[in-house]
file input21.csv (CSV, C-alpha atoms and all ligand atoms)
chain,number,residue,atom,x,y,z
A,76,MET,CA,14.7,11.9,6.8
A,77,ASP,CA,12.3,9.1,6.0
A,78,LEU,CA,11.0,6.9,8.8
A,79,LYS,CA,12.8,3.8,7.7
A,80,SER,CA,16.2,5.4,7.9
A,81,LYS,CA,15.6,6.3,11.5
A,82,ILE,CA,15.6,2.6,12.4
A,83,ASP,CA,18.9,1.4,13.9
A,84,THR,CA,19.4,-1.8,12.0
A,85,THR,CA,21.9,-3.0,14.6
A,86,ARG,CA,19.3,-3.0,17.4
A,87,LEU,CA,16.3,-4.5,15.7
A,88,PRO,CA,13.9,-6.6,17.8
A,89,GLY,CA,14.6,-10.3,16.9
A,90,HIS,CA,11.0,-11.2,17.5
A,91,ILE,CA,7.9,-9.1,17.0
A,92,ALA,CA,4.5,-10.3,18.0
A,93,ILE,CA,1.3,-8.6,16.8
A,94,ILE,CA,-2.3,-8.7,18.0
A,95,MET,CA,-4.0,-7.9,14.7
A,96,ASP,CA,-7.1,-6.2,16.0
A,97,GLY,CA,-9.8,-3.9,14.6
A,98,ASN,CA,-10.9,-5.6,11.3
A,99,GLY,CA,-14.5,-5.5,12.2
A,100,ARG,CA,-14.6,-1.9,13.3
A,101,TRP,CA,-12.6,-0.9,10.3
A,102,ALA,CA,-15.3,-2.4,8.0
A,103,GLN,CA,-18.2,-1.1,10.1
A,104,LYS,CA,-16.8,2.4,9.9
A,105,LYS,CA,-17.1,2.1,6.1
A,106,GLY,CA,-20.6,0.8,6.3
A,107,GLU,CA,-19.5,-2.7,5.4
A,108,ALA,CA,-19.9,-6.2,7.0
A,109,ARG,CA,-17.2,-7.3,9.5
A,110,LEU,CA,-16.0,-9.9,7.0
A,111,PHE,CA,-14.9,-7.2,4.6
A,112,GLY,CA,-12.5,-6.1,7.3
A,113,HIS,CA,-11.0,-9.6,7.7
A,114,GLN,CA,-10.5,-9.8,3.9
A,115,HIS,CA,-8.7,-6.5,3.9
A,116,GLY,CA,-6.6,-7.6,6.9
A,117,VAL,CA,-4.9,-10.1,4.6
A,118,GLU,CA,-3.2,-7.3,2.7
A,119,SER,CA,-1.7,-6.0,5.9
A,120,VAL,CA,-0.4,-9.5,6.8
A,121,ARG,CA,1.3,-9.7,3.4
A,122,LYS,CA,2.8,-6.2,3.7
A,123,ILE,CA,3.9,-6.5,7.3
A,124,ALA,CA,5.4,-10.0,6.8
A,125,THR,CA,7.4,-9.0,3.7
A,126,THR,CA,8.6,-5.7,5.3
A,127,SER,CA,9.6,-7.5,8.5
A,128,ALA,CA,11.6,-10.0,6.5
A,129,GLU,CA,13.3,-7.3,4.4
A,130,LEU,CA,14.2,-5.4,7.6
A,131,GLY,CA,15.9,-8.4,9.1
A,132,ILE,CA,13.3,-9.4,11.8
A,133,ARG,CA,13.9,-13.1,12.4
A,134,TYR,CA,10.5,-14.1,14.0
A,135,LEU,CA,7.1,-12.5,13.5
A,136,THR,CA,4.2,-14.0,15.5
A,137,LEU,CA,0.7,-13.0,14.4
A,138,TYR,CA,-2.4,-13.6,16.6
A,139,ALA,CA,-4.9,-14.8,14.0
A,140,PHE,CA,-7.5,-16.6,16.1
A,141,SER,CA,-7.8,-17.0,19.8
A,142,THR,CA,-9.4,-19.9,21.8
A,143,GLU,CA,-12.1,-17.3,22.7
A,144,ASN,CA,-12.9,-16.4,19.1
A,145,TRP,CA,-15.0,-19.6,18.7
A,146,LYS,CA,-17.6,-17.7,20.7
A,147,ARG,CA,-18.2,-15.4,17.7
A,148,PRO,CA,-21.3,-15.9,15.5
A,149,GLN,CA,-20.8,-19.2,13.6
A,150,TYR,CA,-20.8,-17.5,10.1
A,151,GLU,CA,-17.9,-15.3,11.2
A,152,VAL,CA,-15.9,-18.2,12.5
A,153,ASP,CA,-16.6,-20.2,9.3
A,154,ALA,CA,-15.6,-17.2,7.1
A,155,LEU,CA,-12.4,-16.7,9.1
A,156,MET,CA,-11.5,-20.4,8.6
A,157,ASP,CA,-12.3,-20.2,4.8
A,158,LEU,CA,-10.2,-17.0,4.5
A,159,LEU,CA,-7.3,-18.8,6.2
A,160,VAL,CA,-7.4,-21.7,3.8
A,161,HIS,CA,-7.7,-19.4,0.8
A,162,THR,CA,-4.9,-17.0,2.0
A,163,LEU,CA,-2.4,-19.8,2.8
A,164,ASN,CA,-3.0,-21.2,-0.7
A,165,GLN,CA,-2.8,-17.8,-2.4
A,166,GLU,CA,0.3,-16.5,-0.5
A,167,LEU,CA,2.6,-19.5,-0.9
A,168,ASP,CA,4.3,-17.6,-3.7
A,169,THR,CA,4.9,-14.6,-1.5
A,170,LEU,CA,6.3,-16.9,1.3
A,171,MET,CA,8.7,-18.6,-1.1
A,172,LYS,CA,9.9,-15.5,-2.9
A,173,ASN,CA,10.6,-13.9,0.5
A,174,ASN,CA,12.2,-17.0,1.9
A,175,ILE,CA,9.8,-17.0,4.8
A,176,ARG,CA,9.0,-20.2,6.8
A,177,LEU,CA,5.5,-20.6,8.1
A,178,LYS,CA,4.8,-22.1,11.5
A,179,ALA,CA,1.8,-22.3,13.7
A,180,ILE,CA,1.1,-22.3,17.4
A,181,GLY,CA,-2.2,-23.2,19.1
A,182,ASP,CA,-4.5,-26.2,19.4
A,183,LEU,CA,-4.5,-27.0,15.7
A,184,SER,CA,-6.5,-30.2,16.3
A,185,ARG,CA,-9.7,-28.2,16.5
A,186,LEU,CA,-9.3,-26.6,13.1
A,187,ASN,CA,-11.5,-28.1,10.4
A,188,THR,CA,-9.9,-30.7,8.0
A,189,ASP,CA,-9.4,-28.2,5.1
A,190,CYS,CA,-7.7,-25.7,7.3
A,191,HIS,CA,-5.5,-28.3,9.0
A,192,LYS,CA,-4.5,-29.8,5.7
A,193,GLN,CA,-3.7,-26.5,4.0
A,194,LEU,CA,-1.7,-25.4,7.0
A,195,MET,CA,0.4,-28.6,7.1
A,196,GLN,CA,1.0,-28.3,3.4
A,197,THR,CA,2.1,-24.7,3.5
A,198,MET,CA,4.3,-25.4,6.5
A,199,GLU,CA,5.9,-28.3,4.7
A,200,SER,CA,6.4,-26.3,1.5
A,201,THR,CA,8.1,-23.5,3.3
A,202,SER,CA,10.1,-25.6,5.8
A,203,LYS,CA,13.5,-24.9,4.1
A,204,ASN,CA,13.0,-21.2,4.0
A,205,GLU,CA,15.2,-19.4,6.5
A,206,ARG,CA,15.1,-15.6,6.3
A,207,MET,CA,12.2,-15.2,8.8
A,208,GLU,CA,9.8,-17.4,10.6
A,209,LEU,CA,6.2,-16.3,10.4
A,210,ILE,CA,4.3,-17.9,13.2
A,211,LEU,CA,0.5,-17.9,13.1
A,212,ALA,CA,-1.2,-18.2,16.5
A,213,LEU,CA,-4.4,-20.2,15.6
A,214,ASN,CA,-6.8,-21.4,18.2
A,215,TYR,CA,-4.2,-20.2,20.5
A,216,SER,CA,-4.3,-18.6,24.0
A,217,GLY,CA,-1.6,-18.1,26.6
A,218,ARG,CA,-3.7,-20.0,29.3
A,219,TRP,CA,-4.3,-22.9,27.0
A,220,GLU,CA,-0.6,-23.1,26.3
A,221,LEU,CA,0.4,-22.9,30.0
A,222,CYS,CA,-2.2,-25.7,30.8
A,223,GLU,CA,-0.7,-27.9,28.1
A,224,ALA,CA,2.8,-27.3,29.4
A,225,THR,CA,1.8,-28.0,33.0
A,226,ARG,CA,0.2,-31.3,31.9
A,227,LYS,CA,3.3,-32.4,30.0
A,228,ILE,CA,5.6,-31.5,32.9
A,229,ALA,CA,3.3,-33.4,35.3
A,230,VAL,CA,3.7,-36.5,33.2
A,231,GLU,CA,7.5,-36.1,33.2
A,232,VAL,CA,7.4,-36.0,37.0
A,233,VAL,CA,4.8,-38.8,37.5
A,234,GLU,CA,6.8,-41.0,35.2
A,235,GLY,CA,10.0,-40.2,37.0
A,236,ARG,CA,12.0,-38.4,34.3
A,237,MET,CA,12.1,-35.2,36.4
A,238,SER,CA,11.7,-34.3,40.0
A,239,ALA,CA,9.3,-31.5,41.1
A,240,GLU,CA,12.3,-29.5,42.5
A,241,GLU,CA,13.9,-29.5,39.1
A,242,ILE,CA,11.1,-27.5,37.5
A,243,SER,CA,12.5,-24.1,36.6
A,244,SER,CA,11.6,-21.2,34.3
A,245,ASP,CA,13.7,-23.0,31.6
A,246,THR,CA,11.6,-26.1,32.0
A,247,ILE,CA,8.4,-24.2,31.3
A,248,ASP,CA,10.0,-22.5,28.3
A,249,LYS,CA,10.8,-25.9,26.9
A,250,PHE,CA,7.3,-27.2,27.1
A,251,LEU,CA,5.6,-24.2,25.5
A,252,SER,CA,4.7,-24.2,21.9
A,253,THR,CA,7.3,-21.4,21.4
A,254,ALA,CA,10.1,-23.6,22.6
A,255,GLY,CA,13.4,-22.7,20.9
A,256,MET,CA,12.1,-19.2,19.8
A,257,PRO,CA,13.4,-16.0,21.5
A,258,GLU,CA,10.8,-14.1,23.5
A,259,PRO,CA,9.3,-11.1,21.6
A,260,GLU,CA,11.1,-7.9,22.4
A,261,LEU,CA,8.2,-6.0,21.0
A,262,LEU,CA,4.4,-6.7,21.2
A,263,ILE,CA,2.2,-4.5,19.0
A,264,ARG,CA,-1.6,-4.3,19.3
A,265,THR,CA,-3.5,-2.5,16.6
A,266,GLY,CA,-7.2,-1.4,16.9
A,267,GLY,CA,-7.0,0.8,20.0
A,268,GLU,CA,-7.6,-1.7,22.8
A,269,ASN,CA,-5.1,-1.7,25.6
A,270,ARG,CA,-5.1,-5.4,26.6
A,271,VAL,CA,-3.3,-8.6,25.7
A,272,SER,CA,-6.4,-10.8,25.3
A,273,ASN,CA,-4.7,-14.1,26.4
A,274,PHE,CA,-1.8,-13.8,24.0
A,275,LEU,CA,1.7,-15.2,24.8
A,276,LEU,CA,1.2,-14.6,28.5
A,277,TRP,CA,4.5,-16.2,29.7
A,278,GLN,CA,6.6,-14.9,26.8
A,279,ILE,CA,5.7,-11.2,27.1
A,280,ALA,CA,6.9,-10.9,30.7
A,281,TYR,CA,9.5,-8.3,29.6
A,282,SER,CA,8.3,-7.4,26.1
A,283,GLU,CA,7.8,-3.7,25.3
A,284,LEU,CA,4.1,-3.1,24.6
A,285,TYR,CA,3.1,-0.8,21.8
A,286,PHE,CA,-0.6,0.0,21.4
A,287,THR,CA,-1.8,1.9,18.3
A,288,ASN,CA,-5.3,3.1,17.3
A,289,VAL,CA,-4.7,2.2,13.7
A,290,PHE,CA,-7.1,-0.6,12.7
A,291,TRP,CA,-5.3,-3.7,11.3
A,292,PRO,CA,-6.5,-3.3,7.7
A,293,ASP,CA,-4.9,0.1,7.7
A,294,PHE,CA,-1.6,-1.0,9.3
A,295,ARG,CA,1.2,-0.5,6.8
A,296,GLU,CA,5.0,-0.3,6.6
A,297,LYS,CA,5.2,3.1,8.1
A,298,ASP,CA,3.2,2.0,11.1
A,299,LEU,CA,5.6,-0.9,11.6
A,300,TYR,CA,8.6,1.5,11.3
A,301,GLU,CA,7.0,3.8,13.9
A,302,ALA,CA,6.5,1.0,16.3
A,303,ILE,CA,10.1,-0.1,15.9
A,304,ILE,CA,11.5,3.4,16.3
A,305,ASN,CA,9.4,3.8,19.4
A,306,TYR,CA,10.7,0.5,20.8
A,307,GLN,CA,14.3,1.6,20.0
A,308,ASN,CA,13.8,4.8,22.1
A,309,ARG,CA,12.9,2.9,25.2
A,310,GLU,CA,15.2,1.8,28.0
A,311,ARG,CA,14.8,-1.9,28.9
A,312,ARG,CA,15.9,-2.2,32.5
A,313,PHE,CA,14.8,-5.8,33.4
A,314,GLY,CA,14.6,-4.8,37.0
A,315,MET,CA,17.9,-3.0,37.2
A,316,ILE,CA,18.6,0.7,37.3
A,317,SER,CA,19.5,3.0,34.4
A,318,GLU,CA,23.2,3.3,35.4
A,319,GLN,CA,23.7,-0.4,35.3
A,320,ILE,CA,22.2,-0.7,31.9
A,321,ASN,CA,24.5,2.1,30.6
A,322,GLN,CA,27.5,0.6,32.2
A,323,ALA,CA,26.8,-2.7,30.5
A,324,PHE,CA,26.7,-0.9,27.2
A,325,ASP,CA,30.0,1.0,27.9
A,326,LYS,CA,31.9,-2.2,28.4
B,401,LIG,C1,-9.2,-9.0,14.7
B,401,LIG,O1,-10.2,-8.1,14.4
B,401,LIG,C2,-9.3,-10.3,14.0
B,401,LIG,C3,-9.7,-11.5,14.8
B,401,LIG,C4,-9.9,-11.5,16.1
B,401,LIG,C5,-9.9,-12.7,14.1
B,401,LIG,P1,-11.6,-8.1,15.1
B,401,LIG,O2,-12.5,-9.1,14.3
B,401,LIG,O3,-11.5,-8.4,16.5
B,401,LIG,O4,-12.1,-6.6,14.9
B,401,LIG,P2,-12.8,-5.7,15.9
B,401,LIG,O5,-11.9,-5.7,17.2
B,401,LIG,O6,-14.1,-6.3,16.2
B,401,LIG,O7,-12.9,-4.4,15.3
B,402,LIG,C1,-7.6,-10.7,20.0
B,402,LIG,O1,-8.6,-9.9,19.5
B,402,LIG,C2,-7.5,-12.0,19.2
B,402,LIG,C3,-6.9,-11.8,17.9
B,402,LIG,C4,-6.5,-10.7,17.4
B,402,LIG,C5,-6.9,-13.0,17.1
B,402,LIG,P1,-10.1,-9.9,20.0
B,402,LIG,O2,-10.9,-8.9,19.2
B,402,LIG,O3,-10.7,-11.3,20.0
B,402,LIG,O4,-9.9,-9.5,21.5
B,402,LIG,P2,-11.0,-8.9,22.6
B,402,LIG,O5,-12.1,-9.8,22.6
B,402,LIG,O6,-11.3,-7.5,22.1
B,402,LIG,O7,-10.2,-8.9,23.8
B,403,MG,MG,-11.2,-7.3,18.2

call {"tool": "encode", "arguments": {"input": "input21.csv", "output": "structure tokens", "more": "lines below"}}
Ligand code: IPE
Ligand code: IPE
Ligand code: MG
result
Amino acid sequence: MDLKSKIDTTRLPGHIAIIMDGNGRWAQKKGEARLFGHQHGVESVRKIATTSAELGIRYLTLYAFSTENWKRPQYEVDALMDLLVHTLNQELDTLMKNNIRLKAIGDLSRLNTDCHKQLMQTMESTSKNERMELILALNYSGRWELCEATRKIAVEVVEGRMSAEEISSDTIDKFLSTAGMPEPELLIRTGGENRVSNFLLWQIAYSELYFTNVFWPDFREKDLYEAIINYQNRERRFGMISEQINQAFDK
């Protein structure tokens, strides 16, 4: 039986988030410059986005650039920004053909003018697409997002639209950049590191984490299928005990 047919299509994760890591090491292993890895990572983005849409995943969030990634050598940061502009431009066809809507989370105000403009254009052009939302996390970090949300909630309280006692988990959800999106059921990190590197800190509270040694430029359909199958074989208990979960399913 092939891998794809082992996936239970009635129990797909609605939202998959991916920390696309390992581009630099992939290139260095081949004796190439790190940028070569980033360029090849684009192919993986295309393959994984289209495969996810075909499978019926509704939201795919990709960690493309963290608030900490500005600390990299300037030429690498510049190259990543150029690659983003070029890719958004080049992949518009793919997004339209696959009925994928592009969105972005993160502090987009710090992106350079070209990047910002291209991003806005691609988001606008794909805004009517509805098969899947592809969310790029750009100049994003979980702590940045939580600080932003806290600031906005503080303003609500100071200006009298909300009392401090009213602040709940739902309030925080509403002020995050992911407001309105379901939380990711599955978080994948490629590249062999077992950490979350400041990604979606609030939203992954109950996500299933899946770490693979495969470097992002090598990550293909079969790797995605493996991650989903692995996810489907887990028991998500949300603090309860196994018997309660099984009872809920029997009902
Ligand atoms: C992920 O690959 C891409 C970005 C963070 C932009 P890396 O560039 O982190 O690759 P490694 O981890 O150094 O191999
Ligand atoms: C995380 O990868 C960020 C992205 C994939 C965009 P990093 O390579 O920046 O993470 P660390 O530095 O190894 O934790
Ligand atoms: Mg890395």

call {"tool": "residues_near_ligand", "arguments": {"input": "input21.csv", "ligand": "ligand MG 403 (chain B)", "cutoff": "10 Å", "atoms": "all atoms listed in the file", "output": "JSON, numbers by chain"}}
result
{"A": [94, 95, 96, 97, 98, 99, 100, 144, 265, 266, 267, 268, 272, 290, 291]}

call {"tool": "atom_distance", "arguments": {"input": "input21.csv", "atom1": "atom CA of A:Arg226", "atom2": "atom CA of A:Leu262"}}
result
27.2 Å

call {"tool": "atom_distance", "arguments": {"input": "input21.csv", "atom1": "atom CA of A:Glu301", "atom2": "atom CA of A:Thr162"}}
result
26.8 Å

call {"tool": "residues_around", "arguments": {"input": "input21.csv", "residues": "A:Lys122", "least_positions_apart": "6", "cutoff": "9 Å", "atoms": "all atoms listed in the file", "output": "PDB file with C-alpha atoms, in the frame of the given file"}}
result
ATOM      1  CA  PHE A 294      -1.600  -1.000   9.300  1.00  0.00           C
ATOM      2  CA  ARG A 295       1.200  -0.500   6.800  1.00  0.00           C
ATOM      3  CA  GLU A 296       5.000  -0.300   6.600  1.00  0.00           C
TER       4      GLU A 296
END

call {"tool": "residues_around", "arguments": {"input": "input21.csv", "residues": "A:Glu283", "least_positions_apart": "6", "cutoff": "10 Å", "atoms": "only C-alpha atoms", "output": "list of chain:residue names"}}
result
A:Ile91, A:Pro259, A:Glu260, A:Leu261, A:Leu262, A:Ile263, A:Asn305, A:Tyr306, A:Gln307, A:Arg309, A:Glu310, A:Arg311

call {"tool": "write_last_selection", "arguments": {"input": "input21.csv", "atoms": "C-alpha atoms", "output": "tab-separated table (two decimals), keeping the file's coordinate frame"}}
result
chain	number	residue	atom	x	y	z
A	91	ILE	CA	7.90	-9.10	17.00
A	259	PRO	CA	9.30	-11.10	21.60
A	260	GLU	CA	11.10	-7.90	22.40
A	261	LEU	CA	8.20	-6.00	21.00
A	262	LEU	CA	4.40	-6.70	21.20
A	263	ILE	CA	2.20	-4.50	19.00
A	305	ASN	CA	9.40	3.80	19.40
A	306	TYR	CA	10.70	0.50	20.80
A	307	GLN	CA	14.30	1.60	20.00
A	309	ARG	CA	12.90	2.90	25.20
A	310	GLU	CA	15.20	1.80	28.00
A	311	ARG	CA	14.80	-1.90	28.90

call {"tool": "closest_residue", "arguments": {"input": "input21.csv", "among": "A:Leu158, A:Leu137, A:Ile247, A:Leu275", "to": "ligand LIG 402 (chain B)", "atoms": "all atoms listed in the file"}}
result
A:Leu137

call {"tool": "residues_near_point", "arguments": {"input": "input21.csv", "point": "(-7.9, -24.4, 6.0)", "cutoff": "8 Å", "atoms": "all atoms listed in the file", "output": "list in words"}}
result
Met156, Asp157, Leu158, Leu159, Val160, His161, Leu163, Leu186, Asn187, Thr188, Asp189, Cys190, His191, Lys192, Gln193 and Leu194 of chain A

call {"tool": "atom_distance", "arguments": {"input": "input21.csv", "atom1": "atom CA of A:Lys297", "atom2": "atom CA of A:Phe111"}}
result
22.9 Å

call {"tool": "closest_residue", "arguments": {"input": "input21.csv", "among": "A:Thr126, A:Gln103, A:Asn204, A:Asn214", "to": "ligand LIG 402 (chain B)", "atoms": "only C-alpha atoms and all ligand atoms"}}
result
A:Asn214

call {"tool": "closest_residue", "arguments": {"input": "input21.csv", "among": "A:Arg312, A:His113, A:Arg236, A:Lys81", "to": "ligand LIG 402 (chain B)", "atoms": "all atoms listed in the file"}}
result
A:His113

call {"tool": "closest_residue", "arguments": {"input": "input21.csv", "among": "A:Ser119, A:Ser252, A:Thr85, A:Asn273", "to": "ligand LIG 402 (chain B)", "atoms": "only C-alpha atoms and all ligand atoms"}}
result
A:Asn273

call {"tool": "closest_residue", "arguments": {"input": "input21.csv", "among": "A:Ser141, A:Thr125, A:Gln322, A:Thr84", "to": "ligand LIG 401 (chain B)", "atoms": "all atoms listed in the file"}}
result
A:Ser141

call {"tool": "closest_residue", "arguments": {"input": "input21.csv", "among": "A:Asp168, A:Glu208, A:Asp245, A:Glu151", "to": "A:Ala108", "atoms": "only C-alpha atoms"}}
result
A:Glu151

call {"tool": "residues_around", "arguments": {"input": "input21.csv", "residues": "A:Ala229", "least_positions_apart": "6", "cutoff": "10 Å", "atoms": "only C-alpha atoms", "output": "NGL selection string"}}
result
:A and (223 or 235 or 237-239)

call {"tool": "decode", "arguments": {"input": "input21.csv", "residues": "stretch 80-101 of chain A", "atoms": "N, CA, C and O atoms", "output": "PDB file, in the first residue's frame"}}
result
ATOM      1  N   SER A  80      -2.276   6.363   0.581  1.00  0.00           N
ATOM      2  CA  SER A  80      -3.536   5.678   0.873  1.00  0.00           C
ATOM      3  C   SER A  80      -3.635   5.258   2.340  1.00  0.00           C
ATOM      4  O   SER A  80      -4.677   4.803   2.793  1.00  0.00           O
ATOM      5  N   LYS A  81      -2.545   5.405   3.083  1.00  0.00           N
ATOM      6  CA  LYS A  81      -2.610   5.112   4.531  1.00  0.00           C
ATOM      7  C   LYS A  81      -3.173   6.295   5.311  1.00  0.00           C
ATOM      8  O   LYS A  81      -3.407   6.217   6.522  1.00  0.00           O
ATOM      9  N   ILE A  82      -3.347   7.429   4.642  1.00  0.00           N
ATOM     10  CA  ILE A  82      -3.880   8.611   5.327  1.00  0.00           C
ATOM     11  C   ILE A  82      -5.396   8.502   5.437  1.00  0.00           C
ATOM     12  O   ILE A  82      -6.074   8.195   4.458  1.00  0.00           O
ATOM     13  N   ASP A  83      -5.917   8.721   6.648  1.00  0.00           N
ATOM     14  CA  ASP A  83      -7.366   8.735   6.853  1.00  0.00           C
ATOM     15  C   ASP A  83      -7.852  10.149   6.507  1.00  0.00           C
ATOM     16  O   ASP A  83      -7.642  11.093   7.268  1.00  0.00           O
ATOM     17  N   THR A  84      -8.489  10.269   5.356  1.00  0.00           N
ATOM     18  CA  THR A  84      -8.853  11.611   4.879  1.00  0.00           C
ATOM     19  C   THR A  84      -9.987  12.237   5.698  1.00  0.00           C
ATOM     20  O   THR A  84     -10.270  13.412   5.560  1.00  0.00           O
ATOM     21  N   THR A  85     -10.612  11.427   6.573  1.00  0.00           N
ATOM     22  CA  THR A  85     -11.675  11.988   7.415  1.00  0.00           C
ATOM     23  C   THR A  85     -11.085  12.600   8.700  1.00  0.00           C
ATOM     24  O   THR A  85     -11.793  13.239   9.460  1.00  0.00           O
ATOM     25  N   ARG A  86      -9.792  12.343   8.940  1.00  0.00           N
ATOM     26  CA  ARG A  86      -9.172  12.864  10.171  1.00  0.00           C
ATOM     27  C   ARG A  86      -7.903  13.672   9.880  1.00  0.00           C
ATOM     28  O   ARG A  86      -6.903  13.569  10.574  1.00  0.00           O
ATOM     29  N   LEU A  87      -7.985  14.459   8.819  1.00  0.00           N
ATOM     30  CA  LEU A  87      -6.812  15.269   8.459  1.00  0.00           C
ATOM     31  C   LEU A  87      -6.652  16.410   9.447  1.00  0.00           C
ATOM     32  O   LEU A  87      -7.640  16.948   9.938  1.00  0.00           O
ATOM     33  N   PRO A  88      -5.409  16.824   9.711  1.00  0.00           N
ATOM     34  CA  PRO A  88      -5.273  18.061  10.486  1.00  0.00           C
ATOM     35  C   PRO A  88      -5.823  19.212   9.635  1.00  0.00           C
ATOM     36  O   PRO A  88      -5.587  19.267   8.426  1.00  0.00           O
ATOM     37  N   GLY A  89      -6.578  20.110  10.258  1.00  0.00           N
ATOM     38  CA  GLY A  89      -7.113  21.246   9.511  1.00  0.00           C
ATOM     39  C   GLY A  89      -6.026  22.271   9.243  1.00  0.00           C
ATOM     40  O   GLY A  89      -6.052  23.002   8.256  1.00  0.00           O
ATOM     41  N   HIS A  90      -5.075  22.325  10.162  1.00  0.00           N
ATOM     42  CA  HIS A  90      -4.013  23.324  10.067  1.00  0.00           C
ATOM     43  C   HIS A  90      -2.661  22.656  10.354  1.00  0.00           C
ATOM     44  O   HIS A  90      -2.480  22.045  11.401  1.00  0.00           O
ATOM     45  N   ILE A  91      -1.764  22.774   9.424  1.00  0.00           N
ATOM     46  CA  ILE A  91      -0.394  22.272   9.628  1.00  0.00           C
ATOM     47  C   ILE A  91       0.545  23.484   9.639  1.00  0.00           C
ATOM     48  O   ILE A  91       0.430  24.378   8.799  1.00  0.00           O
ATOM     49  N   ALA A  92       1.451  23.521  10.609  1.00  0.00           N
ATOM     50  CA  ALA A  92       2.451  24.582  10.650  1.00  0.00           C
ATOM     51  C   ALA A  92       3.819  23.929  10.463  1.00  0.00           C
ATOM     52  O   ALA A  92       4.057  22.831  10.985  1.00  0.00           O
ATOM     53  N   ILE A  93       4.681  24.585   9.706  1.00  0.00           N
ATOM     54  CA  ILE A  93       6.004  23.985   9.446  1.00  0.00           C
ATOM     55  C   ILE A  93       7.136  24.982   9.710  1.00  0.00           C
ATOM     56  O   ILE A  93       7.111  26.113   9.230  1.00  0.00           O
ATOM     57  N   ILE A  94       8.105  24.534  10.488  1.00  0.00           N
ATOM     58  CA  ILE A  94       9.351  25.284  10.658  1.00  0.00           C
ATOM     59  C   ILE A  94      10.296  24.716   9.606  1.00  0.00           C
ATOM     60  O   ILE A  94      10.796  23.594   9.734  1.00  0.00           O
ATOM     61  N   MET A  95      10.471  25.490   8.542  1.00  0.00           N
ATOM     62  CA  MET A  95      11.252  24.999   7.390  1.00  0.00           C
ATOM     63  C   MET A  95      12.722  25.220   7.711  1.00  0.00           C
ATOM     64  O   MET A  95      13.251  26.298   7.476  1.00  0.00           O
ATOM     65  N   ASP A  96      13.390  24.217   8.231  1.00  0.00           N
ATOM     66  CA  ASP A  96      14.776  24.421   8.672  1.00  0.00           C
ATOM     67  C   ASP A  96      15.731  23.468   7.963  1.00  0.00           C
ATOM     68  O   ASP A  96      15.347  22.376   7.548  1.00  0.00           O
ATOM     69  N   GLY A  97      16.971  23.904   7.846  1.00  0.00           N
ATOM     70  CA  GLY A  97      18.020  23.027   7.307  1.00  0.00           C
ATOM     71  C   GLY A  97      18.512  23.405   5.922  1.00  0.00           C
ATOM     72  O   GLY A  97      19.300  22.663   5.318  1.00  0.00           O
ATOM     73  N   ASN A  98      18.079  24.545   5.402  1.00  0.00           N
ATOM     74  CA  ASN A  98      18.511  24.961   4.058  1.00  0.00           C
ATOM     75  C   ASN A  98      20.032  25.137   3.972  1.00  0.00           C
ATOM     76  O   ASN A  98      20.670  24.677   3.023  1.00  0.00           O
ATOM     77  N   GLY A  99      20.580  25.822   4.971  1.00  0.00           N
ATOM     78  CA  GLY A  99      22.009  26.129   4.952  1.00  0.00           C
ATOM     79  C   GLY A  99      22.852  24.866   5.041  1.00  0.00           C
ATOM     80  O   GLY A  99      23.797  24.676   4.261  1.00  0.00           O
ATOM     81  N   ARG A 100      22.478  23.981   5.963  1.00  0.00           N
ATOM     82  CA  ARG A 100      23.252  22.738   6.129  1.00  0.00           C
ATOM     83  C   ARG A 100      23.128  21.834   4.906  1.00  0.00           C
ATOM     84  O   ARG A 100      24.073  21.162   4.512  1.00  0.00           O
ATOM     85  N   TRP A 101      21.958  21.830   4.304  1.00  0.00           N
ATOM     86  CA  TRP A 101      21.742  21.031   3.075  1.00  0.00           C
ATOM     87  C   TRP A 101      22.735  21.475   2.003  1.00  0.00           C
ATOM     88  O   TRP A 101      23.366  20.649   1.357  1.00  0.00           O
TER      89      TRP A 101
END
